[in-house]
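Novice: Got a structure for you, written out below as C-alpha cells; questions coming shortly.
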Amino acid sequence: MAETQKSNVVVEVFEEEELAVSLAKYVADISNKFTSERGAVTVCLSGGSLISNLRKLLEPPYVDSIEWSKWHVFWLDERVVPKTHEDSNYKLAYDGLLSKVPVPSCNVYAINDTLSAEGAADDYETRLRQLVKNGIIASSSVTGFPKFDLMLLGMGPDGHVASLFPGHPLVKENKRWVTFIKDSPKPPPERITFTFPVINSTAYAALVVTGAAESVAVHSALRGTQNSPKLPVAMVSPEGELKWFLDRDAASKL
Ligand SMILES: O=C1O[C@H](COP(=O)(O)O)[C@@H](O)[C@H](O)[C@H]1O
C-alpha cells in the first residue's frame, strides 16, 4: 500500500521481508543515479534497527549492482563512545554492512572518538565543510547547508530522529551543521547529531520505521493535527524527496 502526502512525500507499508527488499532497491537505484551522474554518492546512516533493515543490500542483485567504491558514508548521529563500543553507531554499521562491502576506508567518515562531545561535533562539522569545498558533498543552493544525496533515518518510539529528541532545544538549532547533546534521554547520554537544516537539505531521505512501539509516533507524524505538538520525526521535511518505509506494526494506528 503506497500513499502520497505532500508532492515530495510517499508513505509505503510493507510486510517485513518485503520492506527490506524494497529498501535495498531504493538505495541501489539512488546510488546508481548519483554514481553515474557525478561519480560519487554521499550516504548518511543512522544507528538502531536501520542497519538490519539494510540487510538485503548484501545480497544479489543489489550487492553487485552498487558501485561501492564510489560511496562516501557519514552518520546522521553518533554516540560519543569508542568505535569498538557496543553503543557505537559506527560499530553497528561496520559489523552489519560496511565490513561486507568494498567501500574504501578513506570514504567512511566516522567521528573522532578521542574527543569530547563538543570537540567531536566541531571536528565533524569542520570535516564536512572541507568535503563541501572539495565537491564531495554537494551544497544546497536553497539553504546553503550541505546537500547529502541520501539520508537513511530511523525513528525511536518517542518520535526522535538522529539524536534530536522531543522537547529538547537542539531541535531548534538552525546555524550549526553538527551539534552535540550531553543529556540524551536515551542512553548513552553523550552524542553528536546533524541538525534539522542539514537533514532537510538532503536530496533523498528514507524514514525506515518498524515495530508496534513506534505506531503512536507514526500516527502523530502522519495524521496529527496542527494543534498536537510536533515530534522531531514530523520535522523531517526535505528539500528533495522523502519516502517512509513502514512495516504493518508501525503503520497499525494509521
Ligand atoms: O539512538 C538512536 O535511535 C534511533 C532510533 O533507533 P531504532 O532502534 O528505534 O530504530 C536511531 O535512528 C539513531 O541513529 C540512534 O542513535
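Starting from 1 in every chain, residues are counted up; chains themselves are A, B, ... following the order of the C-alpha cells, and ligands are numbered from 1 as listed.
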Could you pull out the residues in stretch 86-230 of chain A that DSSP calls helix (DSSP H, G or I) from the backbone, as a VMD selection string?

Specialist: chain A and resid 89 to 96 98 to 100 105 to 107 117 to 133 169 to 172 196 to 199 212 to 223

Novice: Do a neighbour search on A:Gly39 at 12 Å with only C-alpha atoms, toss out local chain neighbours closer than 5 positions, and write the hits as a list in words.

Specialist: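 So the residues in contact are Ser31, Asn32, Lys33, Phe34, Glu67, Trp68, Ser69, Lys70, Trp71, His72, Gly135, Ile136 and Ile137 of chain A.
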
Novice: Can you work out which one of A:Val80, A:Ala2, A:Val9, A:Ala117 has the shortest atom-to-atom distance to A:Leu246, counting only C-alpha atoms?

Specialist: A:Ala2

Novice: Please extract the residues at most 7 Å from ligand 1, counting only C-alpha atoms and all ligand atoms, and provide them as a ChimeraX atom specification, using the chain letters and residue numbers of this document.

Specialist: /A:46-50,76-79,89,153-157,160-163,186,209

Novice: Using only C-alpha atoms, which of A:Val208, A:Leu152, A:Leu254, A:Val198 sits nearest A:Leu19?

Specialist: A:Val208

Novice: Find the residues near A:Cys44: any atom within 7 Å, counting only C-alpha atoms, skip ones fewer than 3 places away on the same chain, and give them as number ranges by chain.

Specialist: A: 73-76, 150-152

Novice: Using N, CA and C atoms, can you write the selected residues to a file as a CSV table (one decimal), in the first residue's frame?

Specialist:
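Done, and the output landed in part.csv:
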chain,number,residue,atom,x,y,z
A,73,VAL,N,30.4,7.6,3.1
A,73,VAL,CA,29.5,7.2,4.2
A,73,VAL,C,29.7,8.1,5.4
A,74,PHE,N,28.6,8.6,5.9
A,74,PHE,CA,28.5,9.5,7.1
A,74,PHE,C,27.5,9.0,8.1
A,75,TRP,N,27.5,9.6,9.2
A,75,TRP,CA,26.5,9.3,10.2
A,75,TRP,C,25.6,10.5,10.6
A,76,LEU,N,24.3,10.3,10.5
A,76,LEU,CA,23.4,11.3,11.0
A,76,LEU,C,23.6,11.7,12.4
A,150,LEU,N,21.7,11.0,0.0
A,150,LEU,CA,20.8,10.1,0.6
A,150,LEU,C,21.0,10.0,2.1
A,151,MET,N,19.9,10.2,2.8
A,151,MET,CA,19.9,10.0,4.3
A,151,MET,C,19.0,8.9,4.7
A,152,LEU,N,19.5,8.0,5.4
A,152,LEU,CA,18.7,6.8,5.9
A,152,LEU,C,18.4,7.0,7.4

Novice: Please identify all polymer residues within 7 Å of stretch 174-184 of chain A, counting only C-alpha atoms, omitting same-chain residues fewer than 4 positions from it, and present them as a CSV table (one decimal) with C-alpha atoms, in the first residue's frame.

Specialist:
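Okay, this is what ended up in result.csv:
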chain,number,residue,atom,x,y,z
A,117,ALA,CA,31.1,15.6,22.6
A,118,GLU,CA,31.7,19.3,21.8
A,121,ALA,CA,30.8,17.8,16.8
A,124,TYR,CA,32.8,16.5,12.2
A,125,GLU,CA,31.4,19.9,11.0
A,188,PRO,CA,24.3,6.8,26.2
A,189,PRO,CA,23.8,10.5,27.2
A,190,GLU,CA,26.6,12.0,25.1
A,191,ARG,CA,26.1,12.1,21.3
A,192,ILE,CA,26.6,14.2,18.3
A,193,THR,CA,24.0,14.8,15.7
A,194,PHE,CA,23.2,16.5,12.4
A,195,THR,CA,20.8,19.4,12.8
A,197,PRO,CA,18.7,22.4,8.5
A,198,VAL,CA,21.2,19.7,7.3

Novice: I'd like the interatomic distance between atom CA of A:Gly240 and atom CA of A:Asp149, to a tenth of an Å.

Specialist: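 For atom CA of A:Gly240 relative to atom CA of A:Asp149, the distance reads 9.2 Å.
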
Novice: Can you list, as a count of residues only, all residues belonging to stretch 1-229 of chain A that DSSP tags as strand (DSSP E or B)?

Specialist: 47

Novice: Excluding same-chain residues fewer than 6 positions from stretch 112-116 of chain A, what lies within 7 Å of it counting only C-alpha atoms, as a PDB file with N, CA, C and O atoms, in the first residue's frame?

Specialist:
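The result, stored in part.pdb:
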ATOM      1  N   VAL A  80      29.001   9.271  21.673  1.00  0.00           N
ATOM      2  CA  VAL A  80      30.389   9.615  21.988  1.00  0.00           C
ATOM      3  C   VAL A  80      30.984   8.501  22.856  1.00  0.00           C
ATOM      4  O   VAL A  80      31.038   8.583  24.089  1.00  0.00           O
ATOM      5  N   VAL A  81      31.364   7.436  22.158  1.00  0.00           N
ATOM      6  CA  VAL A  81      31.951   6.242  22.787  1.00  0.00           C
ATOM      7  C   VAL A  81      33.028   5.753  21.811  1.00  0.00           C
ATOM      8  O   VAL A  81      33.007   6.120  20.633  1.00  0.00           O
ATOM      9  N   PRO A  82      33.959   4.922  22.274  1.00  0.00           N
ATOM     10  CA  PRO A  82      34.954   4.380  21.339  1.00  0.00           C
ATOM     11  C   PRO A  82      34.276   3.598  20.208  1.00  0.00           C
ATOM     12  O   PRO A  82      33.199   3.018  20.405  1.00  0.00           O
ATOM     13  N   LYS A  83      34.943   3.569  19.065  1.00  0.00           N
ATOM     14  CA  LYS A  83      34.364   2.893  17.882  1.00  0.00           C
ATOM     15  C   LYS A  83      34.185   1.390  18.098  1.00  0.00           C
ATOM     16  O   LYS A  83      33.478   0.738  17.328  1.00  0.00           O
TER      17      LYS A  83
END

Novice: With distances taken over only C-alpha atoms, which residue among A:Glu18, A:Glu59, A:Asp158, A:Asp95 lies nearest A:Leu231?

Specialist: A:Asp158

Novice: Find the residue from A:Thr210, A:Thr42, A:Ser52, A:Thr126 that sits nearest to A:Phe148; use only C-alpha atoms when measuring.

Specialist: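 Using only C-alpha atoms, the shortest distance to A:Phe148 belongs to A:Thr42.
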
Novice: From the set A:Glu3, A:Glu86, A:Asp64, A:Asp29, which residue has the shortest atom-to-atom contact distance to A:Trp244, counting only C-alpha atoms?

Specialist: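 For A:Trp244, the nearest of the given residues is A:Glu3.
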
Novice: Go ahead and compute the interatomic distance for atom CA of A:Ser105 and atom CA of A:Ile66, in Å to one decimal.

Specialist: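 A separation of 16.5 Å between them.
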